[in-house]
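Below is data.cif, holding mmCIF, C-alpha atoms.
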```
data_coords
loop_
_atom_site.label_atom_id
_atom_site.label_comp_id
_atom_site.auth_asym_id
_atom_site.auth_seq_id
_atom_site.Cartn_x
_atom_site.Cartn_y
_atom_site.Cartn_z
CA MET A 1 290.32 115.53 -3.15
CA ILE A 2 287.87 117.88 -4.79
CA ALA A 3 284.83 116.52 -6.62
CA GLY A 4 285.12 116.62 -10.38
CA VAL A 5 288.89 116.84 -10.39
CA PRO A 6 290.53 113.53 -11.35
CA THR A 7 292.83 112.32 -8.62
CA GLU A 8 294.84 109.18 -8.13
CA PHE A 9 292.87 106.33 -6.53
CA THR A 10 294.75 104.75 -3.65
CA PRO A 11 293.45 101.20 -3.20
CA PRO A 12 292.89 100.04 0.35
CA GLY A 13 295.61 97.82 1.78
CA PRO A 14 297.06 96.62 5.05
CA GLU A 15 297.57 100.21 6.05
CA SER A 16 293.80 100.64 6.09
CA PHE A 17 293.84 98.67 9.32
CA ASN A 18 296.20 101.01 11.09
CA THR A 19 294.38 102.49 14.04
CA THR A 20 295.25 105.68 15.79
CA PRO A 21 294.80 106.17 19.52
CA ILE A 22 291.35 107.49 20.38
CA ILE A 23 292.84 109.70 23.09
CA ASP A 24 296.12 111.39 22.22
CA GLY A 25 298.99 110.02 24.22
CA VAL A 26 297.21 106.82 25.29
CA ASP A 27 298.74 104.60 22.65
CA TRP A 28 297.06 101.37 23.65
CA PHE A 29 293.51 102.75 23.56
CA THR A 30 292.57 102.11 19.95
CA LYS A 31 289.30 101.30 18.21
CA PRO A 32 289.63 97.49 18.47
CA VAL A 33 290.36 97.75 22.19
CA LEU A 34 287.32 99.96 22.67
CA VAL A 35 285.07 97.66 20.61
CA ALA A 36 286.35 94.56 22.40
CA ALA A 37 285.80 96.19 25.78
CA LEU A 38 282.30 97.25 24.75
CA SER A 39 281.57 93.73 23.58
CA VAL A 40 282.61 92.35 26.96
CA VAL A 41 280.38 94.86 28.70
CA VAL A 42 277.43 94.03 26.44
CA ILE A 43 277.88 90.27 26.82
CA VAL A 44 278.21 90.39 30.58
CA TRP A 45 275.34 92.85 30.91
CA PHE A 46 273.03 90.80 28.71
CA PHE A 47 273.77 87.40 30.21
CA TRP A 48 273.85 88.74 33.74
CA GLY A 49 270.44 90.31 33.17
CA ALA A 50 269.12 87.15 31.53
CA SER A 51 270.37 84.77 34.20
CA ARG A 52 270.02 86.95 37.29
CA LYS A 53 266.45 85.92 37.99
CA ALA A 54 266.64 82.61 36.14
CA ALA A 55 263.44 80.74 36.96
CA VAL A 56 261.63 77.61 35.94
CA VAL A 57 259.28 79.67 33.82
CA PRO A 58 261.60 82.01 31.91
CA SER A 59 261.03 85.69 31.26
CA LYS A 60 261.51 86.98 27.73
CA LEU A 61 265.03 88.13 28.51
CA GLN A 62 265.90 84.86 30.18
CA PHE A 63 264.46 82.99 27.22
CA ALA A 64 266.67 84.95 24.83
CA GLY A 65 269.70 84.35 27.03
CA GLU A 66 268.92 80.65 27.26
CA LEU A 67 268.60 80.49 23.50
CA GLY A 68 272.16 81.77 23.05
CA TYR A 69 273.55 79.83 25.97
CA ASN A 70 271.86 76.59 24.89
CA PHE A 71 273.20 76.97 21.38
CA VAL A 72 276.80 76.88 22.59
CA ARG A 73 276.09 74.46 25.44
CA ASN A 74 274.18 71.83 23.48
CA SER A 75 274.91 72.27 19.78
CA ILE A 76 278.60 73.00 20.15
CA ALA A 77 280.01 71.84 23.48
CA ARG A 78 277.90 68.76 24.18
CA ASP A 79 277.93 67.48 20.62
CA ALA A 80 281.69 67.85 20.22
CA ILE A 81 282.95 66.98 23.70
CA GLY A 82 280.36 64.44 24.80
CA SER A 83 277.81 64.65 27.56
CA GLN A 84 280.21 63.44 30.25
CA ASP A 85 282.83 66.19 30.27
CA TYR A 86 281.36 69.12 28.40
CA MET A 87 279.98 71.16 31.30
CA ARG A 88 283.34 72.41 32.57
CA PHE A 89 284.19 73.86 29.14
CA VAL A 90 280.86 75.58 28.62
CA PRO A 91 281.85 78.86 30.34
CA TYR A 92 284.95 79.35 28.21
CA LEU A 93 283.26 78.24 24.99
CA THR A 94 280.23 80.47 25.59
CA GLY A 95 282.38 83.48 26.42
CA LEU A 96 284.62 82.80 23.42
CA PHE A 97 281.70 82.39 21.04
CA PHE A 98 279.93 85.57 22.01
CA PHE A 99 283.17 87.52 22.17
CA ILE A 100 284.10 86.55 18.60
CA LEU A 101 280.52 86.91 17.38
CA LEU A 102 280.00 90.41 18.76
CA ASN A 103 283.41 91.64 17.63
CA ASN A 104 282.87 90.22 14.15
CA VAL A 105 279.36 91.59 13.81
CA ALA A 106 280.61 94.95 15.07
CA ALA A 107 282.18 95.29 11.64
CA SER A 108 278.67 95.48 10.20
CA ILE A 109 277.39 98.01 12.74
CA PRO A 110 277.41 101.58 11.43
CA LEU A 111 279.94 103.90 13.10
CA ILE A 112 281.91 100.97 14.48
CA GLN A 113 282.49 99.14 11.20
CA PHE A 114 285.78 97.65 12.19
CA PRO A 115 286.38 93.92 12.71
CA THR A 116 288.40 93.52 15.88
CA PHE A 117 289.84 90.23 14.67
CA SER A 118 291.35 91.84 11.60
CA HIS A 119 294.06 92.77 14.07
CA ILE A 120 295.74 89.43 14.37
CA GLY A 121 296.67 89.82 18.02
CA TRP A 122 293.10 89.05 19.08
CA ALA A 123 293.00 85.96 16.92
CA TYR A 124 296.34 84.79 18.30
CA VAL A 125 295.08 85.21 21.83
CA ALA A 126 291.89 83.24 21.21
CA ALA A 127 293.80 80.48 19.42
CA ILE A 128 296.48 80.27 22.10
CA MET A 129 293.88 80.01 24.84
CA SER A 130 292.08 77.23 23.02
CA TRP A 131 295.41 75.50 22.32
CA VAL A 132 296.50 75.69 25.93
CA ILE A 133 293.14 74.43 27.15
CA TYR A 134 292.84 71.40 24.90
CA ASN A 135 296.44 70.34 25.43
CA ALA A 136 296.24 70.93 29.16
CA VAL A 137 293.09 68.87 29.66
CA GLY A 138 294.51 66.14 27.43
CA ILE A 139 297.76 65.96 29.40
CA LYS A 140 295.87 66.13 32.67
CA LYS A 141 293.71 63.20 31.70
CA LYS A 142 296.26 60.93 29.99
CA GLY A 143 299.61 62.13 31.28
CA LEU A 144 302.25 63.71 29.06
CA TRP A 145 303.36 60.51 27.35
CA GLY A 146 299.84 59.09 27.16
CA TYR A 147 298.57 62.31 25.61
CA PHE A 148 301.44 62.41 23.13
CA LYS A 149 300.67 58.83 22.14
CA HIS A 150 296.95 59.61 21.91
CA GLN A 151 297.53 62.58 19.59
CA THR A 152 300.28 61.14 17.38
CA MET A 153 299.67 57.40 17.16
CA PRO A 154 296.23 56.66 15.72
CA ALA A 155 294.90 53.24 16.62
CA GLY A 156 294.95 50.61 13.90
CA VAL A 157 297.95 51.97 12.02
CA PRO A 158 300.64 49.34 11.39
CA GLY A 159 303.92 49.84 13.26
CA TRP A 160 306.09 50.38 10.20
CA LEU A 161 303.99 53.45 9.32
CA MET A 162 304.63 55.07 12.69
CA PRO A 163 307.80 56.95 11.69
CA LEU A 164 305.65 58.63 9.06
CA MET A 165 302.53 59.02 11.13
CA ILE A 166 304.04 60.50 14.28
CA PRO A 167 305.55 63.65 12.71
CA ILE A 168 302.49 64.20 10.53
CA GLU A 169 300.06 63.81 13.40
CA PHE A 170 302.20 65.88 15.72
CA ILE A 171 302.41 68.74 13.25
CA SER A 172 298.74 68.65 12.37
CA ASN A 173 297.36 68.10 15.87
CA ILE A 174 299.76 70.13 17.97
CA LEU A 175 301.56 72.68 15.85
CA VAL A 176 299.25 73.68 13.05
CA ARG A 177 295.97 73.85 14.93
CA PRO A 178 296.55 77.18 16.72
CA VAL A 179 297.97 78.70 13.54
CA SER A 180 295.07 77.57 11.39
CA LEU A 181 292.56 78.64 14.03
CA SER A 182 293.93 82.15 14.33
CA LEU A 183 294.75 82.68 10.66
CA ARG A 184 291.34 81.47 9.50
CA LEU A 185 289.54 83.95 11.70
CA PHE A 186 291.99 86.78 11.06
CA ALA A 187 292.12 86.26 7.30
CA ASN A 188 288.37 86.10 6.95
CA MET A 189 287.88 89.34 8.84
CA PHE A 190 290.82 91.03 7.18
CA ALA A 191 289.91 89.99 3.65
CA GLY A 192 286.23 90.67 4.14
CA HIS A 193 286.92 94.16 5.38
CA ILE A 194 289.38 94.91 2.62
CA LEU A 195 286.92 93.60 0.03
CA LEU A 196 284.24 95.86 1.43
CA LEU A 197 286.67 98.81 1.41
CA VAL A 198 287.59 98.13 -2.21
CA PHE A 199 284.00 98.14 -3.33
CA VAL A 200 282.80 101.04 -1.21
CA LEU A 201 285.85 103.29 -1.61
CA GLY A 202 286.21 102.33 -5.26
CA GLY A 203 282.56 103.07 -5.90
CA GLU A 204 282.85 106.31 -4.06
CA TYR A 205 285.93 107.28 -6.06
CA MET A 206 284.32 106.43 -9.37
CA VAL A 207 281.10 108.29 -8.58
CA PHE A 208 282.53 111.40 -6.96
CA GLU A 209 286.15 111.79 -7.98
CA SER A 210 286.84 110.15 -11.31
CA GLY A 211 285.11 112.95 -13.22
CA SER A 212 283.90 110.45 -15.81
CA ILE A 213 280.18 109.77 -16.34
CA ALA A 214 280.82 106.21 -17.54
CA LEU A 215 282.92 105.46 -14.50
CA GLY A 216 280.24 107.10 -12.38
CA GLY A 217 277.67 104.58 -13.69
CA VAL A 218 280.02 101.72 -12.98
CA GLY A 219 280.65 103.23 -9.57
CA ILE A 220 276.97 103.01 -8.69
CA ILE A 221 276.94 99.33 -9.65
CA THR A 222 280.11 98.84 -7.63
CA PHE A 223 278.47 100.49 -4.66
CA LEU A 224 275.46 98.18 -4.92
CA MET A 225 277.84 95.23 -5.13
CA GLY A 226 279.41 96.55 -1.97
CA LEU A 227 276.02 96.32 -0.26
CA ALA A 228 275.67 92.70 -1.34
CA ILE A 229 279.14 91.98 -0.05
CA ALA A 230 278.27 93.63 3.25
CA ALA A 231 275.39 91.18 3.58
CA LEU A 232 277.72 88.31 2.71
CA GLU A 233 280.18 89.60 5.28
CA LEU A 234 277.54 89.56 7.99
CA PHE A 235 277.02 85.88 7.22
CA VAL A 236 280.78 85.18 7.19
CA GLN A 237 281.19 87.00 10.52
CA CYS A 238 278.68 84.73 12.20
CA ILE A 239 280.01 81.58 10.53
CA GLN A 240 283.58 82.34 11.58
CA ALA A 241 282.60 82.75 15.21
CA TYR A 242 280.79 79.43 15.01
CA ILE A 243 283.67 77.64 13.27
CA PHE A 244 286.25 78.88 15.74
CA VAL A 245 284.26 77.63 18.73
CA VAL A 246 283.21 74.36 17.10
CA LEU A 247 286.85 73.58 16.26
CA THR A 248 287.96 74.48 19.78
CA ALA A 249 285.30 72.17 21.19
CA GLN A 250 286.35 69.41 18.80
CA TYR A 251 290.01 69.77 19.73
CA ILE A 252 289.05 69.50 23.40
CA GLY A 253 286.82 66.55 22.65
CA SER A 254 289.51 64.70 20.70
CA ALA A 255 292.15 65.50 23.35
CA ILE A 256 290.16 63.86 26.15
CA ALA A 257 288.46 61.20 24.04
CA ASP A 258 288.98 57.59 25.12
CA GLU A 259 290.80 55.32 22.73
CA HIS A 260 288.48 53.48 20.40
CA MET B 1 305.97 82.48 7.61
CA LEU B 2 306.66 85.28 10.04
CA THR B 3 310.34 85.27 9.14
CA LEU B 4 309.34 85.66 5.52
CA VAL B 5 307.05 88.56 6.16
CA LEU B 6 309.17 90.35 8.69
CA PRO B 7 312.03 91.49 6.45
CA LEU B 8 309.52 92.43 3.74
CA ALA B 9 307.64 94.60 6.19
CA GLU B 10 310.78 96.21 7.35
CA ALA B 11 311.88 96.78 3.79
CA ALA B 12 308.63 98.51 2.97
CA GLY B 13 309.33 101.10 5.60
CA GLU B 14 307.45 101.85 8.78
CA GLU B 15 304.47 99.70 7.73
CA PRO B 16 304.32 96.63 10.09
CA SER B 17 303.02 93.34 8.78
CA PRO B 18 299.36 92.59 9.54
CA LEU B 19 300.54 89.25 10.91
CA LEU B 20 302.40 90.93 13.78
CA PRO B 21 300.26 91.47 16.82
CA HIS B 22 300.06 94.63 18.91
CA THR B 23 301.24 94.01 22.44
CA ALA B 24 298.31 95.91 23.98
CA GLU B 25 295.82 93.82 22.03
CA ILE B 26 297.46 90.58 23.18
CA ILE B 27 297.14 91.69 26.79
CA PHE B 28 293.57 92.92 26.40
CA GLY B 29 292.65 89.80 24.52
CA PHE B 30 293.71 87.56 27.38
CA VAL B 31 292.13 89.85 29.95
CA PHE B 32 288.81 90.03 28.12
CA LEU B 33 288.57 86.32 27.36
CA ILE B 34 289.49 85.28 30.89
CA LEU B 35 287.08 87.86 32.27
CA LEU B 36 284.29 86.48 30.12
CA ALA B 37 285.10 82.89 31.03
CA ILE B 38 285.03 83.78 34.72
CA ALA B 39 281.80 85.74 34.39
CA PHE B 40 280.15 82.81 32.67
CA ALA B 41 281.63 80.25 35.07
CA LYS B 42 280.68 82.16 38.21
CA VAL B 43 277.33 83.70 37.37
CA VAL B 44 275.65 82.81 34.12
CA VAL B 45 276.25 79.06 33.91
CA PRO B 46 275.32 78.25 37.52
CA LYS B 47 272.16 80.35 37.30
CA PHE B 48 271.02 78.81 34.03
CA GLU B 49 271.96 75.30 35.12
CA LYS B 50 270.03 75.77 38.35
CA ALA B 51 267.00 76.90 36.35
CA TYR B 52 267.37 73.81 34.12
CA ALA B 53 267.71 71.53 37.13
CA ASP B 54 264.64 73.13 38.72
CA ARG B 55 262.76 72.69 35.47
CA THR B 56 263.70 69.03 35.25
CA ALA B 57 262.77 68.54 38.89
CA ALA B 58 259.43 70.27 38.34
CA ILE B 59 258.63 68.06 35.36
CA GLU B 60 259.79 64.90 37.12
CA GLY B 61 257.94 65.91 40.28
CA GLY B 62 254.77 66.34 38.28
CA MET B 63 255.26 62.97 36.68
CA ASN B 64 255.91 61.33 40.03
CA GLU B 65 252.82 62.95 41.45
CA ALA B 66 250.74 61.69 38.56
CA LYS B 67 252.20 58.22 39.01
CA GLN B 68 251.40 58.31 42.70
CA ALA B 69 247.85 59.48 42.03
CA GLN B 70 247.45 56.68 39.54
CA ALA B 71 248.71 54.12 42.05
CA GLU B 72 246.35 55.51 44.66
CA ALA B 73 243.42 55.32 42.28
CA LYS B 74 244.34 51.74 41.43
CA ALA B 75 244.56 50.81 45.08
CA ALA B 76 241.18 52.40 45.74
CA LEU B 77 239.67 50.54 42.80
CA GLU B 78 241.08 47.25 44.09
CA LYS B 79 239.75 48.00 47.53
CA TYR B 80 236.29 48.78 46.18
CA ASN B 81 236.34 45.69 44.02
CA ALA B 82 237.32 43.58 47.01
CA GLN B 83 234.59 45.17 49.09
CA LEU B 84 232.09 44.59 46.31
CA ALA B 85 233.07 40.92 46.03
CA GLU B 86 232.82 40.55 49.78
CA ALA B 87 229.39 42.18 49.79
CA ARG B 88 228.31 39.89 46.97
CA SER B 89 229.45 36.75 48.75
CA GLU B 90 227.83 37.98 51.92
CA ALA B 91 224.59 38.61 50.08
CA ALA B 92 224.77 35.12 48.59
CA LYS B 93 225.39 33.67 52.01
CA ILE B 94 222.50 35.62 53.47
CA ARG B 95 220.24 34.41 50.67
CA GLU B 96 221.37 30.85 51.26
CA ASP B 97 220.74 31.17 54.99
CA ALA B 98 217.34 32.66 54.34
CA ARG B 99 216.47 29.82 52.00
CA GLU B 100 217.58 27.28 54.58
CA GLN B 101 215.72 29.04 57.31
CA GLY B 102 212.65 29.30 55.12
CA ALA B 103 212.80 25.59 54.38
CA GLN B 104 213.21 24.87 58.06
CA ILE B 105 210.32 27.14 58.96
CA ILE B 106 208.15 25.49 56.38
CA ALA B 107 209.09 22.05 57.72
CA GLU B 108 208.39 23.15 61.27
CA MET B 109 205.08 24.64 60.24
CA ARG B 110 204.18 21.48 58.41
CA GLU B 111 205.01 19.44 61.47
CA GLN B 112 203.05 21.77 63.69
CA ALA B 113 200.12 21.65 61.32
CA GLY B 114 200.35 17.88 61.33
CA VAL B 115 200.34 17.79 65.12
CA GLU B 116 197.48 20.25 65.23
CA ALA B 117 195.52 18.23 62.73
CA GLU B 118 196.17 15.14 64.78
CA ARG B 119 195.05 16.94 67.85
CA ILE B 120 191.91 18.20 66.19
CA VAL B 121 191.19 14.77 64.82
CA SER B 122 191.71 13.07 68.19
CA HIS B 123 189.69 15.74 69.89
CA ALA B 124 186.90 15.25 67.41
CA ARG B 125 187.15 11.55 67.89
CA THR B 126 186.81 11.74 71.67
CA GLN B 127 183.95 14.16 71.27
CA ILE B 128 182.28 11.85 68.87
CA ASP B 129 182.90 8.99 71.30
CA ALA B 130 181.41 10.96 74.13
CA GLU B 131 178.45 11.99 72.04
CA ARG B 132 177.95 8.46 70.98
CA THR B 133 178.14 7.25 74.56
CA GLN B 134 175.63 9.91 75.46
CA ALA B 135 173.43 8.95 72.56
CA VAL B 136 173.72 5.34 73.52
CA ALA B 137 172.77 6.20 77.11
CA SER B 138 169.78 8.23 76.08
CA LEU B 139 168.78 5.60 73.55
CA ARG B 140 169.10 3.01 76.24
CA GLY B 141 166.65 4.95 78.41
CA GLU B 142 164.29 5.56 75.56
CA VAL B 143 164.46 2.06 74.30
CA GLY B 144 163.84 0.81 77.89
CA THR B 145 160.77 2.95 78.24
CA MET B 146 159.55 1.94 74.84
CA ALA B 147 160.27 -1.68 75.58
CA THR B 148 158.53 -1.60 78.96
CA THR B 149 155.61 0.19 77.49
CA LEU B 150 155.54 -2.40 74.77
CA ALA B 151 156.04 -5.20 77.21
CA GLY B 152 153.36 -3.82 79.54
CA ARG B 153 151.00 -3.57 76.69
CA ILE B 154 151.85 -7.02 75.59
CA VAL B 155 151.61 -8.70 78.98
CA GLY B 156 148.73 -6.50 80.11
CA GLU B 157 150.16 -5.79 83.36
CA SER B 158 151.48 -2.54 84.66
CA LEU B 159 154.87 -2.82 86.11
CA GLU B 160 154.46 -0.21 88.70
CA ASP B 161 157.32 -1.19 90.79
CA GLU B 162 160.08 0.93 89.51
CA ALA B 163 162.81 -1.24 90.89
CA ARG B 164 161.61 -4.22 89.14
CA GLN B 165 161.05 -2.29 86.05
CA ARG B 166 164.64 -1.08 86.03
CA ARG B 167 165.98 -4.50 86.62
CA THR B 168 164.00 -5.86 83.82
CA VAL B 169 165.17 -3.08 81.53
CA GLU B 170 168.81 -3.53 82.59
CA ARG B 171 168.64 -7.14 81.86
CA PHE B 172 167.05 -6.53 78.55
CA LEU B 173 169.65 -3.94 77.62
CA SER B 174 172.54 -6.12 78.66
CA GLU B 175 171.27 -8.76 76.37
CA LEU B 176 170.74 -6.23 73.69
CA GLU B 177 174.27 -4.84 74.16
CA ALA B 178 175.81 -8.23 74.16
CA SER B 179 174.19 -9.10 70.95
CA GLU B 180 175.09 -5.70 69.54
CA SER B 181 178.78 -5.97 70.44
CA ALA B 182 178.85 -9.47 69.06
CA ARG B 183 177.41 -8.05 65.86
CA ALA B 184 179.92 -5.22 65.88
CA ALA B 185 182.79 -7.70 66.35
CA VAL B 186 181.51 -9.64 63.41
CA GLY B 187 181.14 -6.35 61.45
CA THR B 188 184.73 -5.23 62.08
CA ASP B 189 185.96 -8.68 61.30
CA GLY B 190 183.95 -8.74 58.19
#
```
Show how you would write the structure in this file as structure tokens.
Amino acid sequence: MIAGVPTEFTPPGPESFNTTPIIDGVDWFTKPVLVAALSVVVIVWFFWGASRKAAVVPSKLQFAGELGYNFVRNSIARDAIGSQDYMRFVPYLTGLFFFILLNNVAASIPLIQFPTFSHIGWAYVAAIMSWVIYNAVGIKKKGLWGYFKHQTMPAGVPGWLMPLMIPIEFISNILVRPVSLSLRLFANMFAGHILLLVFVLGGEYMVFESGSIALGGVGIITFLMGLAIAALELFVQCIQAYIFVVLTAQYIGSAIADEH
Amino acid sequence: MLTLVLPLAEAAGEEPSPLLPHTAEIIFGFVFLILLAIAFAKVVVPKFEKAYADRTAAIEGGMNEAKQAQAEAKAALEKYNAQLAEARSEAAKIREDAREQGAQIIAEMREQAGVEAERIVSHARTQIDAERTQAVASLRGEVGTMATTLAGRIVGESLEDEARQRRTVERFLSELEASESARAAVGTDG
């Protein structure tokens, strides 16, 4: 690709997400693994530092840590699960939230610029863990049959509707939830990244490689659009982390909720 | 969905579908998430919760202290009020006693004064009586002398004999006294 010489533009696609090993020969050590590991280190380091000397009168670091911790603890876990049972889910929900948040926002950090959750394996893992947890606590509280009844037979539905209700509720509450959880997160990260690539690479191509002045002008506008989309993406990255954890908390809450 | 994508991906060549996970990422995903959950469960959550509990305790302790102080102040106020009321009633009692005592003292004084007056009056009376008796005695002597002198002059004879003279005077005075007391009895009657 030499500037000024028209070349074929190859649009970004699924292959744009192929990662090569950072160290030759160590196949598993790719960029998402590195970013995820870094995120774990950062989260543990930050919260350890913030909570290590937790006191009645908080330091600035403790205050910041409490702000993040309280957000998940009160606004997500307590509101969705209820003040009686929420505390035992707070560690998982807090870890999950900050793990997704940091890995999503990493896509907006220069030099990293890769959303970990655009590799669907991570999303599957998070969804499976949430699925296992909410089903396990539901079964533990109500028993297998009681939990099945709780999830598939809504109260107040007439008996003749049950043959219709049970399969629908079972599919939506047991089968689809992990799929929708993981696909929502994955698709948002994947699509957002590809959109950004289209605008940035396309703009770059039009400005530097198309060889046309008109296309160059359009390319600049495209590039600016790309900046706007990057800002939008930052918002989406945060929202998706929030949605994933809120839904997990709600699934847990509905699994252990008492019958009304 | 996977079954739909899988053959397509294989047909396209070596390009795997983005919906197929990498094994390494699945493993790392579980490891990282469980690690985070444990870190939060073991360190962060207990520390923060302890700080929250301490904070709540500190606030509640302060409130309890304030409540206690308030109760103490109230008790002290009640005590002072009770003491004040007691002092007031005592003062009233003392005043009452003083008034009674005063009245008693005045009555006693009045009685004493009455007795004293009586005494003075009776004393004066006896003195007057004595003086009168004395006056009467001296008058008697004087009147005797005068009467003898008069009588001597009248009868022309000197009554040299003192004994006779006295007898005569005594007799005269007795008569005089008798008539005088008769007159006095008539005077008091009248």
8 Å contact set for Ala126 in chain A, only C-alpha atoms, chain neighbours under 5 positions out, as a ChimeraX atom specification: /A:96,182 /B:29-30,33
Selection: 10 Å around Pro14 in chain A, all atoms listed in the file, excl. self and same-chain fewer than 6 positions, as a list in words: Ser118, Phe190, Ala191 and Ile194 of chain A; Glu15, Pro16, Ser17 and Pro18 of chain B
Chain B contacts to chain A at 9 Å (only C-alpha atoms) as a PyMOL selection string: chain B and resi 15-30+32-48+50-56+58
Coordinates-based distance that separates CA of Val179 in chain A from CA of Gln84 in chain A (Å, one decimal):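 Interatomic distance, CA of Gln84 in chain A to CA of Val179 in chain A: 28.8 Å.
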Atomic distance CA of Ala75 in chain B - CA of Ile59 in chain B, expressed in Å with one decimal: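 Computing the Euclidean distance for CA of Ala75 in chain B and CA of Ile59 in chain B yields 24.3 Å.
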